[in-house]
Every structure is written in structure tokens, then in C-alpha cells.
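structure-v2.txt (compact mmCIF, N, CA and C atoms) appears below.
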# COMPACT_ATOMS: atom_id res chain seq x y z
N MET A 1 -123.12 19.93 -132.46
CA MET A 1 -124.27 19.73 -133.32
C MET A 1 -123.86 19.97 -134.77
N ALA A 2 -124.33 19.11 -135.67
CA ALA A 2 -123.98 19.21 -137.08
C ALA A 2 -124.70 20.39 -137.72
N SER A 3 -124.01 21.01 -138.67
CA SER A 3 -124.64 22.11 -139.41
C SER A 3 -125.61 21.51 -140.42
N ASN A 4 -126.37 22.38 -141.08
CA ASN A 4 -127.34 21.92 -142.08
C ASN A 4 -126.67 21.26 -143.28
N ASP A 5 -125.37 21.51 -143.46
CA ASP A 5 -124.64 20.91 -144.58
C ASP A 5 -123.95 19.62 -144.19
N GLU A 6 -124.13 19.17 -142.94
CA GLU A 6 -123.46 17.96 -142.47
C GLU A 6 -124.47 17.00 -141.86
N THR A 7 -124.11 15.71 -141.89
CA THR A 7 -124.91 14.71 -141.21
C THR A 7 -124.54 14.73 -139.74
N THR A 8 -125.20 13.95 -138.92
CA THR A 8 -124.89 13.90 -137.49
C THR A 8 -123.49 13.33 -137.24
N THR A 9 -122.91 12.64 -138.23
CA THR A 9 -121.56 12.11 -138.08
C THR A 9 -120.51 13.12 -138.51
N GLY A 10 -120.93 14.30 -138.97
CA GLY A 10 -120.01 15.34 -139.40
C GLY A 10 -119.62 15.22 -140.87
N LEU A 11 -120.14 14.22 -141.56
CA LEU A 11 -119.84 14.07 -142.99
C LEU A 11 -120.71 15.02 -143.79
N PRO A 12 -120.22 15.45 -144.96
CA PRO A 12 -121.04 16.34 -145.79
C PRO A 12 -122.35 15.67 -146.20
N ARG A 13 -123.43 16.44 -146.16
CA ARG A 13 -124.74 15.93 -146.57
C ARG A 13 -124.78 15.97 -148.10
N SER A 14 -125.19 14.86 -148.72
CA SER A 14 -125.27 14.83 -150.18
C SER A 14 -126.54 15.54 -150.62
N LYS A 15 -126.46 16.14 -151.76
CA LYS A 15 -127.63 16.80 -152.34
C LYS A 15 -128.59 15.73 -152.83
N ALA A 16 -129.86 15.99 -152.69
CA ALA A 16 -130.86 15.01 -153.13
C ALA A 16 -130.77 14.83 -154.64
N ASN A 17 -130.64 13.62 -155.07
CA ASN A 17 -130.62 13.29 -156.49
C ASN A 17 -131.81 12.38 -156.73
N ARG A 18 -132.81 12.90 -157.35
CA ARG A 18 -134.06 12.17 -157.51
C ARG A 18 -134.00 11.11 -158.60
N LYS A 19 -132.89 10.97 -159.33
CA LYS A 19 -132.80 9.95 -160.37
C LYS A 19 -132.98 8.56 -159.79
N TRP A 20 -132.55 8.33 -158.56
CA TRP A 20 -132.69 6.99 -157.97
C TRP A 20 -134.15 6.59 -157.83
N LEU A 21 -135.02 7.57 -157.70
CA LEU A 21 -136.44 7.26 -157.58
C LEU A 21 -136.97 6.61 -158.85
N ASP A 22 -136.37 6.95 -160.00
CA ASP A 22 -136.87 6.47 -161.28
C ASP A 22 -135.99 5.38 -161.88
N ALA A 23 -134.99 4.90 -161.16
CA ALA A 23 -134.05 3.93 -161.72
C ALA A 23 -134.74 2.68 -162.25
N LEU A 24 -135.70 2.14 -161.52
CA LEU A 24 -136.39 0.92 -161.92
C LEU A 24 -137.85 1.16 -162.28
N ARG A 25 -138.35 2.31 -161.89
CA ARG A 25 -139.76 2.63 -162.08
C ARG A 25 -140.18 2.50 -163.54
N GLY A 26 -141.29 1.78 -163.76
CA GLY A 26 -141.82 1.61 -165.11
C GLY A 26 -141.20 0.45 -165.87
N LYS A 27 -140.28 -0.28 -165.25
CA LYS A 27 -139.62 -1.39 -165.92
C LYS A 27 -140.12 -2.73 -165.37
N THR A 28 -140.09 -3.74 -166.23
CA THR A 28 -140.32 -5.11 -165.81
C THR A 28 -138.99 -5.84 -165.92
N ILE A 29 -138.56 -6.44 -164.83
CA ILE A 29 -137.26 -7.10 -164.78
C ILE A 29 -137.47 -8.55 -164.35
N ARG A 30 -136.86 -9.47 -165.10
CA ARG A 30 -136.93 -10.90 -164.76
C ARG A 30 -135.72 -11.28 -163.92
N PHE A 31 -135.98 -11.77 -162.71
CA PHE A 31 -134.93 -12.28 -161.82
C PHE A 31 -134.89 -13.80 -161.96
N THR A 32 -133.74 -14.34 -162.29
CA THR A 32 -133.54 -15.79 -162.36
C THR A 32 -132.54 -16.17 -161.29
N PHE A 33 -132.98 -16.99 -160.35
CA PHE A 33 -132.15 -17.33 -159.20
C PHE A 33 -131.38 -18.63 -159.43
N HIS A 34 -130.06 -18.58 -159.19
CA HIS A 34 -129.18 -19.75 -159.31
C HIS A 34 -128.81 -20.31 -157.95
N GLU A 35 -129.00 -19.51 -156.90
CA GLU A 35 -128.73 -19.94 -155.53
C GLU A 35 -129.82 -19.39 -154.63
N GLY A 36 -130.12 -20.12 -153.57
CA GLY A 36 -131.14 -19.70 -152.61
C GLY A 36 -132.37 -20.59 -152.68
N PRO A 37 -133.38 -20.25 -151.90
CA PRO A 37 -134.57 -21.11 -151.79
C PRO A 37 -135.38 -21.20 -153.08
N THR A 38 -135.22 -20.25 -153.99
CA THR A 38 -135.95 -20.28 -155.25
C THR A 38 -135.02 -20.63 -156.42
N LYS A 39 -133.95 -21.35 -156.13
CA LYS A 39 -132.98 -21.77 -157.13
C LYS A 39 -133.69 -22.42 -158.32
N GLY A 40 -133.32 -21.99 -159.52
CA GLY A 40 -133.88 -22.57 -160.73
C GLY A 40 -135.18 -21.94 -161.20
N THR A 41 -135.65 -20.90 -160.52
CA THR A 41 -136.90 -20.26 -160.93
C THR A 41 -136.63 -18.82 -161.36
N SER A 42 -137.57 -18.31 -162.15
CA SER A 42 -137.51 -16.93 -162.62
C SER A 42 -138.81 -16.23 -162.26
N TYR A 43 -138.71 -14.97 -161.86
CA TYR A 43 -139.87 -14.17 -161.51
C TYR A 43 -139.80 -12.84 -162.23
N ASP A 44 -140.90 -12.46 -162.86
CA ASP A 44 -140.99 -11.14 -163.48
C ASP A 44 -141.48 -10.16 -162.44
N HIS A 45 -140.73 -9.08 -162.24
CA HIS A 45 -141.07 -8.02 -161.30
C HIS A 45 -141.41 -6.76 -162.08
N ALA A 46 -142.63 -6.28 -161.92
CA ALA A 46 -143.07 -5.05 -162.58
C ALA A 46 -142.99 -3.91 -161.57
N PHE A 47 -142.02 -3.01 -161.78
CA PHE A 47 -141.84 -1.86 -160.91
C PHE A 47 -142.70 -0.74 -161.46
N ARG A 48 -143.81 -0.50 -160.81
CA ARG A 48 -144.83 0.42 -161.29
C ARG A 48 -144.46 1.88 -161.05
N ASP A 49 -145.13 2.74 -161.82
CA ASP A 49 -144.90 4.18 -161.70
C ASP A 49 -145.30 4.74 -160.35
N ASP A 50 -146.21 4.04 -159.63
CA ASP A 50 -146.67 4.54 -158.34
C ASP A 50 -145.76 4.12 -157.17
N GLY A 51 -144.59 3.49 -157.49
CA GLY A 51 -143.66 3.10 -156.43
C GLY A 51 -143.95 1.75 -155.81
N THR A 52 -144.80 0.95 -156.47
CA THR A 52 -145.09 -0.39 -155.99
C THR A 52 -144.56 -1.41 -156.99
N VAL A 53 -144.42 -2.64 -156.52
CA VAL A 53 -143.95 -3.73 -157.36
C VAL A 53 -144.93 -4.89 -157.28
N THR A 54 -145.13 -5.57 -158.39
CA THR A 54 -145.87 -6.82 -158.43
C THR A 54 -144.96 -7.85 -159.08
N TRP A 55 -145.20 -9.12 -158.83
CA TRP A 55 -144.35 -10.15 -159.42
C TRP A 55 -145.15 -11.40 -159.65
N HIS A 56 -144.62 -12.23 -160.54
CA HIS A 56 -145.22 -13.54 -160.81
C HIS A 56 -144.13 -14.47 -161.34
N ASP A 57 -144.40 -15.76 -161.23
CA ASP A 57 -143.51 -16.78 -161.75
C ASP A 57 -143.47 -16.65 -163.27
N ALA A 58 -142.29 -16.42 -163.83
CA ALA A 58 -142.16 -16.20 -165.27
C ALA A 58 -142.48 -17.45 -166.08
N ALA A 59 -142.44 -18.63 -165.47
CA ALA A 59 -142.73 -19.88 -166.18
C ALA A 59 -144.22 -20.12 -166.36
N VAL A 60 -145.04 -19.41 -165.60
CA VAL A 60 -146.48 -19.59 -165.69
C VAL A 60 -147.03 -18.57 -166.68
N PRO A 61 -147.67 -19.03 -167.78
CA PRO A 61 -148.17 -18.08 -168.77
C PRO A 61 -149.25 -17.18 -168.20
N LYS A 62 -149.24 -15.94 -168.66
CA LYS A 62 -150.27 -14.99 -168.25
C LYS A 62 -151.55 -15.26 -169.02
N ARG A 63 -152.66 -14.79 -168.48
CA ARG A 63 -153.95 -14.93 -169.13
C ARG A 63 -153.85 -14.33 -170.54
N GLY A 64 -154.33 -15.05 -171.53
CA GLY A 64 -154.30 -14.57 -172.90
C GLY A 64 -153.09 -15.07 -173.68
N GLU A 65 -152.10 -15.64 -173.00
CA GLU A 65 -150.93 -16.19 -173.68
C GLU A 65 -151.19 -17.65 -174.02
N PRO A 66 -150.45 -18.19 -175.00
CA PRO A 66 -150.61 -19.62 -175.32
C PRO A 66 -150.39 -20.47 -174.06
N ASN A 67 -151.13 -21.52 -173.92
CA ASN A 67 -151.06 -22.45 -172.78
C ASN A 67 -151.61 -21.87 -171.48
N ALA A 68 -152.25 -20.71 -171.53
CA ALA A 68 -152.84 -20.15 -170.32
C ALA A 68 -154.03 -21.01 -169.91
N LYS A 69 -154.21 -21.16 -168.62
CA LYS A 69 -155.31 -21.97 -168.09
C LYS A 69 -156.48 -21.06 -167.72
N PRO A 70 -157.67 -21.32 -168.26
CA PRO A 70 -158.81 -20.48 -167.90
C PRO A 70 -159.06 -20.53 -166.39
N GLY A 71 -159.18 -19.39 -165.78
CA GLY A 71 -159.49 -19.31 -164.36
C GLY A 71 -158.31 -19.60 -163.45
N GLY A 72 -157.14 -19.93 -164.01
CA GLY A 72 -155.97 -20.24 -163.19
C GLY A 72 -155.20 -18.98 -162.83
N GLN A 73 -154.10 -19.15 -162.10
CA GLN A 73 -153.29 -18.00 -161.71
C GLN A 73 -152.63 -17.37 -162.93
N ASN A 74 -152.16 -18.19 -163.89
CA ASN A 74 -151.60 -17.68 -165.13
C ASN A 74 -150.66 -16.51 -164.93
N GLY A 75 -149.74 -16.63 -164.00
CA GLY A 75 -148.73 -15.61 -163.82
C GLY A 75 -149.16 -14.43 -162.99
N LYS A 76 -150.39 -14.42 -162.50
CA LYS A 76 -150.83 -13.33 -161.64
C LYS A 76 -150.08 -13.38 -160.32
N THR A 77 -149.94 -12.24 -159.70
CA THR A 77 -149.34 -12.24 -158.38
C THR A 77 -150.34 -12.80 -157.38
N LYS A 78 -149.85 -13.38 -156.32
CA LYS A 78 -150.73 -13.88 -155.27
C LYS A 78 -150.94 -12.81 -154.21
N GLU A 79 -150.19 -11.76 -154.29
CA GLU A 79 -150.26 -10.69 -153.29
C GLU A 79 -150.55 -9.36 -153.99
N PRO A 80 -151.08 -8.41 -153.25
CA PRO A 80 -151.31 -7.09 -153.84
C PRO A 80 -149.99 -6.36 -154.08
N PRO A 81 -150.01 -5.28 -154.85
CA PRO A 81 -148.78 -4.51 -155.06
C PRO A 81 -148.14 -4.11 -153.73
N THR A 82 -146.82 -4.12 -153.71
CA THR A 82 -146.04 -3.84 -152.51
C THR A 82 -145.11 -2.66 -152.78
N GLU A 83 -144.95 -1.78 -151.82
CA GLU A 83 -144.00 -0.66 -151.98
C GLU A 83 -142.58 -1.20 -152.02
N TYR A 84 -141.74 -0.54 -152.82
CA TYR A 84 -140.34 -0.92 -152.89
C TYR A 84 -139.46 0.33 -152.78
N GLY A 85 -138.19 0.11 -152.47
CA GLY A 85 -137.22 1.19 -152.46
C GLY A 85 -136.05 0.79 -153.34
N SER A 86 -135.42 1.78 -153.96
CA SER A 86 -134.29 1.51 -154.84
C SER A 86 -133.32 2.68 -154.77
N PHE A 87 -132.02 2.34 -154.74
CA PHE A 87 -130.98 3.35 -154.73
C PHE A 87 -129.86 2.95 -155.67
N GLN A 88 -129.26 3.94 -156.34
CA GLN A 88 -128.04 3.68 -157.09
C GLN A 88 -126.90 3.77 -156.10
N VAL A 89 -126.07 2.72 -156.03
CA VAL A 89 -124.97 2.69 -155.07
C VAL A 89 -123.61 2.80 -155.74
N ALA A 90 -123.55 2.59 -157.05
CA ALA A 90 -122.32 2.74 -157.82
C ALA A 90 -122.73 2.81 -159.28
N ASP A 91 -121.76 3.12 -160.15
CA ASP A 91 -122.08 3.12 -161.57
C ASP A 91 -122.65 1.75 -161.94
N ASP A 92 -123.81 1.74 -162.54
CA ASP A 92 -124.46 0.52 -163.02
C ASP A 92 -124.88 -0.46 -161.93
N VAL A 93 -124.87 -0.07 -160.66
CA VAL A 93 -125.29 -0.96 -159.57
C VAL A 93 -126.41 -0.28 -158.77
N TYR A 94 -127.52 -1.00 -158.63
CA TYR A 94 -128.67 -0.51 -157.88
C TYR A 94 -129.03 -1.53 -156.81
N VAL A 95 -129.52 -1.04 -155.69
CA VAL A 95 -130.06 -1.90 -154.65
C VAL A 95 -131.57 -1.68 -154.65
N VAL A 96 -132.31 -2.78 -154.58
CA VAL A 96 -133.76 -2.71 -154.51
C VAL A 96 -134.23 -3.62 -153.39
N SER A 97 -135.28 -3.19 -152.69
CA SER A 97 -135.78 -3.98 -151.57
C SER A 97 -137.28 -3.77 -151.41
N TYR A 98 -137.95 -4.85 -151.01
CA TYR A 98 -139.36 -4.73 -150.67
C TYR A 98 -139.73 -5.78 -149.63
N LEU A 99 -140.77 -5.47 -148.88
CA LEU A 99 -141.34 -6.37 -147.89
C LEU A 99 -142.71 -6.79 -148.40
N SER A 100 -142.87 -8.08 -148.71
CA SER A 100 -144.15 -8.56 -149.23
C SER A 100 -145.18 -8.65 -148.12
N LYS A 101 -146.43 -8.69 -148.52
CA LYS A 101 -147.52 -8.79 -147.54
C LYS A 101 -147.46 -10.11 -146.76
N SER A 102 -146.80 -11.13 -147.35
CA SER A 102 -146.67 -12.42 -146.65
C SER A 102 -145.54 -12.42 -145.63
N GLY A 103 -144.79 -11.31 -145.55
CA GLY A 103 -143.76 -11.20 -144.54
C GLY A 103 -142.34 -11.47 -145.01
N TYR A 104 -142.16 -11.75 -146.29
CA TYR A 104 -140.82 -11.95 -146.83
C TYR A 104 -140.26 -10.64 -147.34
N THR A 105 -138.98 -10.42 -147.05
CA THR A 105 -138.25 -9.28 -147.58
C THR A 105 -137.26 -9.79 -148.61
N LEU A 106 -137.20 -9.12 -149.75
CA LEU A 106 -136.19 -9.41 -150.77
C LEU A 106 -135.37 -8.16 -150.95
N THR A 107 -134.06 -8.27 -150.79
CA THR A 107 -133.14 -7.16 -151.00
C THR A 107 -132.07 -7.63 -151.97
N LEU A 108 -131.93 -6.92 -153.08
CA LEU A 108 -131.00 -7.33 -154.13
C LEU A 108 -130.12 -6.18 -154.58
N ALA A 109 -128.89 -6.51 -154.92
CA ALA A 109 -128.00 -5.60 -155.65
C ALA A 109 -128.03 -6.06 -157.10
N LEU A 110 -128.36 -5.15 -158.00
CA LEU A 110 -128.44 -5.46 -159.43
C LEU A 110 -127.29 -4.77 -160.14
N ASN A 111 -126.43 -5.54 -160.79
CA ASN A 111 -125.31 -4.99 -161.53
C ASN A 111 -125.70 -4.94 -163.01
N PHE A 112 -126.00 -3.74 -163.51
CA PHE A 112 -126.46 -3.59 -164.88
C PHE A 112 -125.34 -3.74 -165.91
N GLU A 113 -124.10 -3.79 -165.47
CA GLU A 113 -122.99 -4.05 -166.39
C GLU A 113 -122.85 -5.55 -166.65
N THR A 114 -123.03 -6.38 -165.62
CA THR A 114 -122.85 -7.83 -165.75
C THR A 114 -124.16 -8.61 -165.77
N ASP A 115 -125.28 -7.94 -165.49
CA ASP A 115 -126.61 -8.57 -165.39
C ASP A 115 -126.67 -9.61 -164.28
N GLU A 116 -125.85 -9.46 -163.24
CA GLU A 116 -125.88 -10.36 -162.10
C GLU A 116 -126.66 -9.72 -160.96
N LEU A 117 -127.26 -10.58 -160.13
CA LEU A 117 -127.92 -10.09 -158.93
C LEU A 117 -127.40 -10.87 -157.72
N PHE A 118 -127.29 -10.17 -156.62
CA PHE A 118 -126.84 -10.73 -155.35
C PHE A 118 -127.72 -10.16 -154.27
N GLY A 119 -128.08 -10.95 -153.27
CA GLY A 119 -128.91 -10.38 -152.23
C GLY A 119 -129.33 -11.38 -151.17
N PHE A 120 -130.45 -11.02 -150.54
CA PHE A 120 -130.95 -11.77 -149.40
C PHE A 120 -132.47 -11.81 -149.42
N ALA A 121 -133.01 -12.96 -149.07
CA ALA A 121 -134.45 -13.13 -148.86
C ALA A 121 -134.61 -13.55 -147.40
N SER A 122 -135.59 -12.98 -146.72
CA SER A 122 -135.76 -13.32 -145.31
C SER A 122 -137.19 -13.08 -144.87
N ASN A 123 -137.51 -13.70 -143.73
CA ASN A 123 -138.75 -13.40 -143.02
C ASN A 123 -138.38 -13.35 -141.54
N HIS A 124 -139.35 -13.43 -140.66
CA HIS A 124 -139.05 -13.31 -139.23
C HIS A 124 -138.36 -14.54 -138.66
N GLU A 125 -138.29 -15.64 -139.43
CA GLU A 125 -137.68 -16.87 -138.94
C GLU A 125 -136.44 -17.30 -139.71
N LYS A 126 -136.38 -17.00 -140.99
CA LYS A 126 -135.31 -17.53 -141.85
C LYS A 126 -134.67 -16.42 -142.68
N TRP A 127 -133.41 -16.69 -143.06
CA TRP A 127 -132.63 -15.77 -143.86
C TRP A 127 -131.87 -16.58 -144.89
N TYR A 128 -131.90 -16.14 -146.16
CA TYR A 128 -131.23 -16.87 -147.23
C TYR A 128 -130.43 -15.92 -148.11
N PRO A 129 -129.17 -16.25 -148.40
CA PRO A 129 -128.47 -15.51 -149.44
C PRO A 129 -129.00 -15.99 -150.79
N VAL A 130 -129.09 -15.09 -151.76
CA VAL A 130 -129.55 -15.44 -153.10
C VAL A 130 -128.58 -14.87 -154.13
N ARG A 131 -128.55 -15.52 -155.27
CA ARG A 131 -127.66 -15.09 -156.35
C ARG A 131 -128.27 -15.53 -157.67
N GLY A 132 -128.03 -14.74 -158.71
CA GLY A 132 -128.56 -15.12 -160.02
C GLY A 132 -128.24 -14.08 -161.06
N VAL A 133 -129.13 -14.00 -162.05
CA VAL A 133 -128.99 -13.04 -163.14
C VAL A 133 -130.33 -12.35 -163.34
N PHE A 134 -130.32 -11.28 -164.10
CA PHE A 134 -131.57 -10.60 -164.41
C PHE A 134 -131.52 -10.03 -165.81
N GLU A 135 -132.71 -9.75 -166.32
CA GLU A 135 -132.82 -9.09 -167.62
C GLU A 135 -134.00 -8.13 -167.58
N VAL A 136 -133.85 -7.01 -168.25
CA VAL A 136 -134.95 -6.05 -168.35
C VAL A 136 -135.85 -6.56 -169.48
N VAL A 137 -137.10 -6.90 -169.11
CA VAL A 137 -138.05 -7.46 -170.06
C VAL A 137 -138.74 -6.35 -170.82
N SER A 138 -139.11 -5.29 -170.14
CA SER A 138 -139.74 -4.14 -170.80
C SER A 138 -139.55 -2.89 -169.97
Using C-alpha cells, write down the structure from this file.
Amino acid sequence: MASNDETTTGLPRSKANRKWLDALRGKTIRFTFHEGPTKGTSYDHAFRDDGTVTWHDAAVPKRGEPNAKPGGQNGKTKEPPTEYGSFQVADDVYVVSYLSKSGYTLTLALNFETDELFGFASNHEKWYPVRGVFEVVS
């Protein structure tokens, strides 16, 4: 049996570092996909302070912006906020993942040194590798 300082595999247990909880929290990040089912599109993801994420197509103006359509989606999310998880896995590299209410999971590795993203989008029937770039919008 492993001691309190070891995992069940006998490896040392790492001390909890809560910085990963705040790595993306409070930021809006634009994902632009160059490969995968959403190739050529950009989505703004708002990682909220409450641990949820919302997103919208960055090409669609938000309500109140020039060219916004009265009563239209105007960049609103089609789904309610979704819980997400994020971990720092190396210097300047974070993994983020969420399961949308529509059943799609997006899991990405974000390299903050190169601004590249790599990952996977999937649901219960399909799986897609994705690749692109990102930028911190706010």
C-alpha cells in the first residue's frame, strides 16, 4: 500500500499547486483553427472566474458592435456556460478541455511561447484532430 506521500504507483505525490486553476480563468482567448472540422474559423472563448467557459464565432459581431443584427445571434453562444478544466503541463504549455452541452468535447494544448494550439474535438460518434493558433484577446 502506498504511503500518504506516494501515489498508488509508488511515485511521489506532487504538492497541490493551485496556479493551474487560474491559468486561463478571467481571460478571453481566440482559437483560430487551420485543421479539423472548423478549419478556417475563429472562436472567442471566455474562461470565466466561476470555472465555466462560453464561446462564440469571432466573425459574428456581438450586439452593440458595428454590423450587429438586431435580434440575431451576434456572437452569442448557442449553449449555456460549460465547466472546463485546465492544467499547466510544461513551461508555457497548458491543456484545456470541456464537454459542451451538445455533446462535443474539445481538448487543446496551448503553447504560450509559439501561440500554437493542438488538440482533439470529439463526440460519441466522431473524433477529429485539430490544429491552429490562438491569441489572448483580453
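Distance-wise, atom CA of A:Phe134 and atom C of A:Asp50 end up 21.7 Å apart.
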Leaving out A:Glu35 and any residue of its chain fewer than 5 positions from it, which residues lie within 6.5 Å of it when counting all atoms listed in the file, given as a compact mmCIF listing (two decimals) with N, CA and C atoms, in the frame of the given file?
# COMPACT_ATOMS: atom_id res chain seq x y z
N GLY A 40 -133.32 -21.99 -159.52
CA GLY A 40 -133.88 -22.57 -160.73
C GLY A 40 -135.18 -21.94 -161.20
N PRO A 129 -129.17 -16.25 -148.40
CA PRO A 129 -128.47 -15.51 -149.44
C PRO A 129 -129.00 -15.99 -150.79
N VAL A 130 -129.09 -15.09 -151.76
CA VAL A 130 -129.55 -15.44 -153.10
C VAL A 130 -128.58 -14.87 -154.13
N ARG A 131 -128.55 -15.52 -155.27
CA ARG A 131 -127.66 -15.09 -156.35
C ARG A 131 -128.27 -15.53 -157.67
N GLY A 132 -128.03 -14.74 -158.71
CA GLY A 132 -128.56 -15.12 -160.02
C GLY A 132 -128.24 -14.08 -161.06
Find the spatial neighbours of stretch 82-87 of chain A, counting only N, CA and C atoms, within a cut-off of 6 Å - ignore same-chain residues fewer than 2 positions away - and output them as JSON, numbers by chain. {"A": [20, 21, 51, 52, 53, 54, 80, 89, 93, 94, 95, 96, 97, 98, 99]}
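A straight line drawn from atom CA of A:Val133 to atom N of A:Gly119 is 10.1 Å long.
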Surrounding residues of A:Asp49 excluding itself and chain neighbours under 6 positions, 7 Å, only N, CA and C atoms, as a PyMOL selection string: chain A and resi 25-27
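For the atom pair formed by atom CA of A:His45 and atom CA of A:Ile29, the distance is 5.2 Å, given to one decimal.
Comparing A:Gly103, A:Phe47, A:Pro61, A:Phe118 by their smallest distance to A:Glu79, the closest is A:Gly103 (using only C-alpha atoms).
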Please report, as a ChimeraX atom specification, each residue of stretch 19-129 of chain A to which DSSP assigns helix (DSSP H, G or I) when run on this structure's backbone. /A:19-22
